[in-house]
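Participant: Below are the structure tokens for one structure; questions will follow.
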Amino acid sequence: MINILTVIGARPQIIKSAAINRAVKNKFNDQISEKILHTGQHYDEEMSAFFFDELQIQKPDFNLKVGSSSHGKQTAQMMEGIEKVTLELKPDAILVYGDTNSTLAAALVGSKLHIPVIHVEAGLRSFDKSMPEEINRITTDHCSTLLFSPTKTGVDNLKKEGFVCDNIKINSNNPGVYHVGDVMYDNSIYYSTYAQNNSEIIQNNFLEENDYILVTVHRDSNTDDPQKLINIVNAFVEVSEQKNTKIVWPIHPRVKNLLNKPEYEKIADLINNTDSFIILPPTSFFDIIQLEQNARLIITDSGGVQKEAYFFNKPTVILRPHTEWVELVESKHAILCGSDKQKIVAGAAKMWSKRFDSFPEVFGKGKAAEEICEIIIKTLSAPC
Ligand code: UD1
């Protein structure tokens with residue numbers, strides 16, 4: 001039996017973890033045993049606890065409850081807790097997802113304790129080191145022994161950073177690198193019918209198919225400077241008026257908290273005093289999938305939402321100057337507009353009339369989680 005300690009902490013990681021958790025439960029439970037450690041980076045009910053029930057994921061065995069603080073303090077507190085659990089549990093490997101501070105903390109602990117780190121969503125790069133996530137990704141990849149990339153671009157990025165990628169005699173000095181597809185594509189396929197039957201978000205908000213724009217904004221680069229956020233919100237209002245359509249906006253707690261601050265008062269007033277917006281609390285996974293599937297256009301700075309938009313053939317405006325998911329832009333399903341008001345308005349006008357009924361199959365075939373489990377079993381059963 002291979003004992004894996006999976007470390008999660010932020011909302012998208014809880015959702016990503018569902019795919020491997022499901023594969024282990026359904027197919028590999030006599031070969032892999034998974035324990036879950038939640039760092040507590042996200043702690044609001046609707047950012048965390050809710051998803052374990054909705055997606056039927058195994059509840060965390062450990063919760064560090066670190067909460068929010070500066071990056072240094074938050075990461076340090078996570079490391080202390082993860083190290084304690086790891087020493088007690090002595091897992092055969094630590095599995096991490098994506099690029100958050102929780103990912104980084106677990107990768108550092110694993111590599112320092114000489115426990116193989118498995119990174120799911122390896123190799124992605126925005127080539128912008130001012131993003132906390134870019135530092136987290138690069139460091140995590142270089143601490144990992146097994147790297148699972150969702151895209152071919154990810155593998156190419158790793159090769160450029162010196163990874164040999166021969167997958168022979170894998171160990172911490174010669175990590176294994178695999179292109180397996182995206183566990184979130186697995187999830188989107190698996191949950192899309194459940195979402196139709198288990199979400200009433202469309203009816204409850206009186207929305208019509210293809211008749212609203214879904215937006216999400218949470219990146220620190222778009223929100224921590226009030227001027228940038230006001231540009232973005234002004235762009236939303238202009239697009240809504242031009243297209244005579246509603247903007248549906250599930251608000252991330254980071255933004256909700258900021259809007260209560262005096263420097264953001266103008267933005268809060270604008271949101272409250274125009275009839276462009278339908279503001280929602282953070283949604284469940286089934287609700288967001290339903291909102292994505294029924295939207296005419298999606299405007300977002302989230303990596304997860306831009307990809308789900310692609311899976312559901314929805315044109316997308318990305319509120320960032322670059323993306324790790326370059327395939328979305330290359331296939332013209334998405335356009336990069338940053339936080340400039342005019343660029344967002346022009347980008348939305350351009351994407352508004354686009355219609356897609358298929359997409360290049362660059363994220364695998366919906367079986368990434370099973371493939372990852374098979375490679376973990378093959379590699380960790382052999383002496384490293
Ligand atoms: C984090 C990740 C980001 C990921 C995002 C998904 C890092 C550096 N960033 O960003 O990559 O895309 O999660 O959502 O790890 N807050 C609450 N309740 C919560 C959680 C957060 O109110 O349950 C508020 C707090 O004011 C907190 C702020 O949101 O300070 C930011 O939270 P944090 O976890 O630091 O970063 P995210 O913006 O969520």
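Within each chain, counting starts at residue 1; across the structure tokens, chains are named A, B, ... in the order shown, with ligands numbered 1 upward in that order.
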At a cut-off of 6 Å around ligand 1, and using only C-alpha atoms and all ligand atoms, what residues come up? Please write them as a ChimeraX atom specification.
Facilitator: /A:10-12,41-44,47,68,99-101,132-133,218,253-254,257
Participant: Would you pick out the contacts of Val164 (chain A) at 9 Å or less, using only C-alpha atoms, so that residues sharing its chain but fewer than 2 positions from it are not included, and give the list as a VMD selection string?
Facilitator: chain A and resid 158 to 159 162 166 to 167 174 to 177
Participant: Kindly save the residues from that selection, with N, CA, C and O atoms included, as a short mmCIF file (atom, residue, chain, number, x, y, z; two decimals), in the first residue's frame.
Facilitator:
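Result written to part.cif:
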data_model
loop_
_atom_site.label_atom_id
_atom_site.label_comp_id
_atom_site.auth_asym_id
_atom_site.auth_seq_id
_atom_site.Cartn_x
_atom_site.Cartn_y
_atom_site.Cartn_z
N LEU A 158 9.17 22.92 -18.54
CA LEU A 158 10.06 22.23 -17.60
C LEU A 158 11.38 21.84 -18.28
O LEU A 158 12.45 21.95 -17.68
N LYS A 159 11.29 21.42 -19.54
CA LYS A 159 12.52 21.07 -20.27
C LYS A 159 13.44 22.29 -20.35
O LYS A 159 14.65 22.19 -20.15
N GLY A 162 15.57 22.81 -17.44
CA GLY A 162 16.61 21.81 -17.15
C GLY A 162 16.10 20.44 -16.75
O GLY A 162 16.90 19.55 -16.46
N ASP A 166 13.38 12.08 -18.96
CA ASP A 166 13.53 10.75 -19.57
C ASP A 166 12.71 9.71 -18.82
O ASP A 166 12.48 8.61 -19.30
N ASN A 167 12.27 10.04 -17.62
CA ASN A 167 11.44 9.17 -16.78
C ASN A 167 12.07 7.79 -16.57
O ASN A 167 11.37 6.77 -16.48
N ASN A 174 16.43 13.25 -10.42
CA ASN A 174 15.98 13.01 -11.79
C ASN A 174 14.46 12.81 -11.77
O ASN A 174 13.95 11.69 -11.90
N PRO A 175 13.75 13.93 -11.57
CA PRO A 175 12.29 13.81 -11.39
C PRO A 175 11.59 13.27 -12.63
O PRO A 175 12.08 13.43 -13.75
N GLY A 176 10.48 12.62 -12.41
CA GLY A 176 9.64 12.13 -13.52
C GLY A 176 8.69 13.25 -13.95
O GLY A 176 8.11 13.92 -13.11
N VAL A 177 8.58 13.42 -15.26
CA VAL A 177 7.71 14.48 -15.79
C VAL A 177 6.72 13.84 -16.78
O VAL A 177 7.14 13.18 -17.74
#
Participant: Between A:Leu95, A:Leu259, A:Val24, A:Leu214, which has the minimum distance to Arg296 (chain A) (counting only C-alpha atoms)?
Facilitator: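 Smallest distance to Arg296 (chain A) is found for A:Leu214.
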Participant: My list of candidates is A:Asp269, A:Glu134, A:Asp275, A:Glu330. Which is closest to Ser240 (chain A) when distances are computed with only C-alpha atoms?
Facilitator: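 With only C-alpha atoms as the atom set, the closest residue is A:Asp275.
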Participant: Go through A:Thr39, A:Asn313, A:Leu297, A:Ala106 one by one, measure the shortest atom-to-atom distance of each to Lys350 (chain A) using only C-alpha atoms, and give the residue with the smallest value.
Facilitator: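 Among the listed residues, A:Leu297 lies closest to Lys350 (chain A).
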Participant: DSSP on the backbone, alpha helix (DSSP H) only: what residues of region 42-259 of chain A does that give? Format it as a count of residues only.
Facilitator: 107
Participant: For region 145-152 of chain A, please output as a list of chain:residue names all residues within 7 Å (counting only C-alpha atoms; exclusion window: fewer than 5 positions along the same chain).
Facilitator: A:Pro116, A:Val117, A:Ile118, A:His119, A:Val120, A:Glu121, A:Ala122, A:Gly123, A:Asn171, A:Ser172, A:Pro175, A:Gly176, A:Val177, A:Tyr178, A:His179, A:Val180, A:Gly181, A:Asp182, A:Val362, A:Phe363
Participant: Those residues with N, CA, C and O atoms, as a PDB file, in the first residue's frame please?
Facilitator:
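Done, and the output landed in part.pdb:
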ATOM      1  N   PRO A 116       9.195  12.149  -1.259  1.00  0.00           N
ATOM      2  CA  PRO A 116       8.879  12.565  -2.629  1.00  0.00           C
ATOM      3  C   PRO A 116       7.641  13.453  -2.683  1.00  0.00           C
ATOM      4  O   PRO A 116       6.624  13.160  -2.049  1.00  0.00           O
ATOM      5  N   VAL A 117       7.767  14.551  -3.420  1.00  0.00           N
ATOM      6  CA  VAL A 117       6.638  15.464  -3.604  1.00  0.00           C
ATOM      7  C   VAL A 117       6.042  15.205  -4.987  1.00  0.00           C
ATOM      8  O   VAL A 117       6.772  15.083  -5.975  1.00  0.00           O
ATOM      9  N   ILE A 118       4.721  15.077  -5.025  1.00  0.00           N
ATOM     10  CA  ILE A 118       4.008  14.862  -6.290  1.00  0.00           C
ATOM     11  C   ILE A 118       3.267  16.155  -6.602  1.00  0.00           C
ATOM     12  O   ILE A 118       2.436  16.598  -5.811  1.00  0.00           O
ATOM     13  N   HIS A 119       3.591  16.771  -7.745  1.00  0.00           N
ATOM     14  CA  HIS A 119       2.932  18.041  -8.088  1.00  0.00           C
ATOM     15  C   HIS A 119       1.963  17.851  -9.257  1.00  0.00           C
ATOM     16  O   HIS A 119       2.381  17.540 -10.373  1.00  0.00           O
ATOM     17  N   VAL A 120       0.701  18.040  -8.950  1.00  0.00           N
ATOM     18  CA  VAL A 120      -0.328  17.969  -9.996  1.00  0.00           C
ATOM     19  C   VAL A 120      -0.600  19.396 -10.467  1.00  0.00           C
ATOM     20  O   VAL A 120      -0.935  20.263  -9.655  1.00  0.00           O
ATOM     21  N   GLU A 121      -0.456  19.624 -11.730  1.00  0.00           N
ATOM     22  CA  GLU A 121      -0.551  20.936 -12.408  1.00  0.00           C
ATOM     23  C   GLU A 121       0.847  21.539 -12.500  1.00  0.00           C
ATOM     24  O   GLU A 121       1.043  22.740 -12.309  1.00  0.00           O
ATOM     25  N   ALA A 122       1.812  20.690 -12.831  1.00  0.00           N
ATOM     26  CA  ALA A 122       3.210  21.132 -12.907  1.00  0.00           C
ATOM     27  C   ALA A 122       3.483  21.815 -14.247  1.00  0.00           C
ATOM     28  O   ALA A 122       2.780  21.599 -15.229  1.00  0.00           O
ATOM     29  N   GLY A 123       4.544  22.615 -14.265  1.00  0.00           N
ATOM     30  CA  GLY A 123       5.085  23.155 -15.517  1.00  0.00           C
ATOM     31  C   GLY A 123       4.413  24.413 -16.043  1.00  0.00           C
ATOM     32  O   GLY A 123       4.861  24.980 -17.032  1.00  0.00           O
ATOM     33  N   ASN A 171      14.139   9.809  -9.336  1.00  0.00           N
ATOM     34  CA  ASN A 171      14.417  10.162  -7.943  1.00  0.00           C
ATOM     35  C   ASN A 171      14.448  11.684  -7.840  1.00  0.00           C
ATOM     36  O   ASN A 171      14.226  12.367  -8.839  1.00  0.00           O
ATOM     37  N   SER A 172      14.743  12.207  -6.633  1.00  0.00           N
ATOM     38  CA  SER A 172      14.630  13.665  -6.472  1.00  0.00           C
ATOM     39  C   SER A 172      15.611  14.420  -7.366  1.00  0.00           C
ATOM     40  O   SER A 172      15.390  15.586  -7.687  1.00  0.00           O
ATOM     41  N   PRO A 175      13.749  13.927 -11.568  1.00  0.00           N
ATOM     42  CA  PRO A 175      12.294  13.811 -11.389  1.00  0.00           C
ATOM     43  C   PRO A 175      11.590  13.272 -12.629  1.00  0.00           C
ATOM     44  O   PRO A 175      12.076  13.433 -13.751  1.00  0.00           O
ATOM     45  N   GLY A 176      10.477  12.616 -12.407  1.00  0.00           N
ATOM     46  CA  GLY A 176       9.642  12.132 -13.518  1.00  0.00           C
ATOM     47  C   GLY A 176       8.694  13.247 -13.954  1.00  0.00           C
ATOM     48  O   GLY A 176       8.109  13.922 -13.109  1.00  0.00           O
ATOM     49  N   VAL A 177       8.580  13.423 -15.264  1.00  0.00           N
ATOM     50  CA  VAL A 177       7.707  14.476 -15.795  1.00  0.00           C
ATOM     51  C   VAL A 177       6.722  13.837 -16.777  1.00  0.00           C
ATOM     52  O   VAL A 177       7.145  13.183 -17.736  1.00  0.00           O
ATOM     53  N   TYR A 178       5.446  14.012 -16.529  1.00  0.00           N
ATOM     54  CA  TYR A 178       4.434  13.351 -17.368  1.00  0.00           C
ATOM     55  C   TYR A 178       3.375  14.343 -17.835  1.00  0.00           C
ATOM     56  O   TYR A 178       2.916  15.184 -17.058  1.00  0.00           O
ATOM     57  N   HIS A 179       2.979  14.206 -19.101  1.00  0.00           N
ATOM     58  CA  HIS A 179       1.863  14.989 -19.627  1.00  0.00           C
ATOM     59  C   HIS A 179       0.618  14.095 -19.539  1.00  0.00           C
ATOM     60  O   HIS A 179       0.493  13.123 -20.278  1.00  0.00           O
ATOM     61  N   VAL A 180      -0.256  14.435 -18.617  1.00  0.00           N
ATOM     62  CA  VAL A 180      -1.381  13.521 -18.347  1.00  0.00           C
ATOM     63  C   VAL A 180      -2.749  14.123 -18.642  1.00  0.00           C
ATOM     64  O   VAL A 180      -3.765  13.446 -18.533  1.00  0.00           O
ATOM     65  N   GLY A 181      -2.807  15.422 -18.959  1.00  0.00           N
ATOM     66  CA  GLY A 181      -4.108  16.089 -19.064  1.00  0.00           C
ATOM     67  C   GLY A 181      -4.475  16.728 -17.733  1.00  0.00           C
ATOM     68  O   GLY A 181      -3.706  16.673 -16.771  1.00  0.00           O
ATOM     69  N   ASP A 182      -5.661  17.298 -17.693  1.00  0.00           N
ATOM     70  CA  ASP A 182      -6.039  18.174 -16.589  1.00  0.00           C
ATOM     71  C   ASP A 182      -7.107  17.521 -15.708  1.00  0.00           C
ATOM     72  O   ASP A 182      -8.180  17.162 -16.215  1.00  0.00           O
ATOM     73  N   VAL A 362      -6.627  19.693 -25.887  1.00  0.00           N
ATOM     74  CA  VAL A 362      -5.259  19.798 -25.359  1.00  0.00           C
ATOM     75  C   VAL A 362      -5.176  19.506 -23.859  1.00  0.00           C
ATOM     76  O   VAL A 362      -4.103  19.560 -23.281  1.00  0.00           O
ATOM     77  N   PHE A 363      -6.300  19.194 -23.230  1.00  0.00           N
ATOM     78  CA  PHE A 363      -6.286  18.954 -21.785  1.00  0.00           C
ATOM     79  C   PHE A 363      -6.571  17.495 -21.442  1.00  0.00           C
ATOM     80  O   PHE A 363      -7.044  17.180 -20.368  1.00  0.00           O
TER      81      PHE A 363
END
Participant: Given only C-alpha atoms, how would the per-residue table for region 238-301 of chain A near region 184-192 of chain A read, listing every residue at most 10 Å away with its closest atom pair and distance in Å to one decimal, sorted by chain and number, as a tab-separated table?
Facilitator:
residue	atom	partner	partner_atom	distance
A:Phe285	CA	A:Tyr191	CA	8.8
A:Phe286	CA	A:Tyr191	CA	7.4
A:Ile289	CA	A:Ser192	CA	6.9
A:Gln290	CA	A:Ser192	CA	7.9
A:Gln293	CA	A:Ser192	CA	8.9
Participant: According to DSSP computed on the backbone, where in region 45-272 of chain A is there strand (DSSP E)? Give the residues as a list in words.
Facilitator: Phe62, Asn63, Ala93, Ile94, Leu95, Val96, Tyr97, Val117, Ile118, His119, Val120, Leu146, Leu147, Phe148, Ser149, Gly176, Val177, Tyr178, His179, Tyr212, Ile213, Leu214, Val215, Thr216, Lys246, Ile247, Val248, Trp249 and Pro250 of chain A
Participant: Do a neighbour search on Ile213 (chain A) at 8 Å with only C-alpha atoms, toss out local chain neighbours closer than 5 positions, and write the hits as a PDB file with N, CA and C atoms, in the first residue's frame.
Facilitator:
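After the write, selection09.pdb holds the following:
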ATOM      1  N   THR A 245     -27.219  43.908 -21.105  1.00  0.00           N
ATOM      2  CA  THR A 245     -27.220  42.597 -20.447  1.00  0.00           C
ATOM      3  C   THR A 245     -26.707  42.720 -19.007  1.00  0.00           C
ATOM      4  N   LYS A 246     -27.054  41.759 -18.185  1.00  0.00           N
ATOM      5  CA  LYS A 246     -26.633  41.789 -16.782  1.00  0.00           C
ATOM      6  C   LYS A 246     -25.242  41.202 -16.611  1.00  0.00           C
ATOM      7  N   ILE A 247     -24.553  41.703 -15.594  1.00  0.00           N
ATOM      8  CA  ILE A 247     -23.258  41.155 -15.197  1.00  0.00           C
ATOM      9  C   ILE A 247     -23.500  40.330 -13.934  1.00  0.00           C
ATOM     10  N   VAL A 248     -23.266  39.027 -14.003  1.00  0.00           N
ATOM     11  CA  VAL A 248     -23.447  38.167 -12.820  1.00  0.00           C
ATOM     12  C   VAL A 248     -22.079  37.982 -12.187  1.00  0.00           C
ATOM     13  N   ALA A 295     -23.792  31.144 -19.614  1.00  0.00           N
ATOM     14  CA  ALA A 295     -23.412  32.537 -19.904  1.00  0.00           C
ATOM     15  C   ALA A 295     -23.206  32.735 -21.405  1.00  0.00           C
ATOM     16  N   ARG A 296     -23.356  33.993 -21.844  1.00  0.00           N
ATOM     17  CA  ARG A 296     -23.041  34.320 -23.240  1.00  0.00           C
ATOM     18  C   ARG A 296     -21.528  34.575 -23.369  1.00  0.00           C
ATOM     19  N   LEU A 297     -20.975  35.202 -22.318  1.00  0.00           N
ATOM     20  CA  LEU A 297     -19.562  35.592 -22.316  1.00  0.00           C
ATOM     21  C   LEU A 297     -19.053  35.481 -20.884  1.00  0.00           C
ATOM     22  N   ILE A 298     -17.765  35.157 -20.730  1.00  0.00           N
ATOM     23  CA  ILE A 298     -17.179  35.083 -19.383  1.00  0.00           C
ATOM     24  C   ILE A 298     -15.991  36.047 -19.321  1.00  0.00           C
ATOM     25  N   ILE A 299     -15.935  36.843 -18.255  1.00  0.00           N
ATOM     26  CA  ILE A 299     -14.804  37.763 -18.048  1.00  0.00           C
ATOM     27  C   ILE A 299     -14.204  37.408 -16.692  1.00  0.00           C
TER      28      ILE A 299
END
Participant: Residues within 9 Å of Ser221 (chain A), please, as a list in words. Count only C-alpha atoms; anything in the same chain fewer than 2 positions from it doesn't count.
Facilitator: Ser130, Met131, His218, Arg219, Thr223, Asp224, Asp225, Lys228, Arg320 and Ser339 of chain A
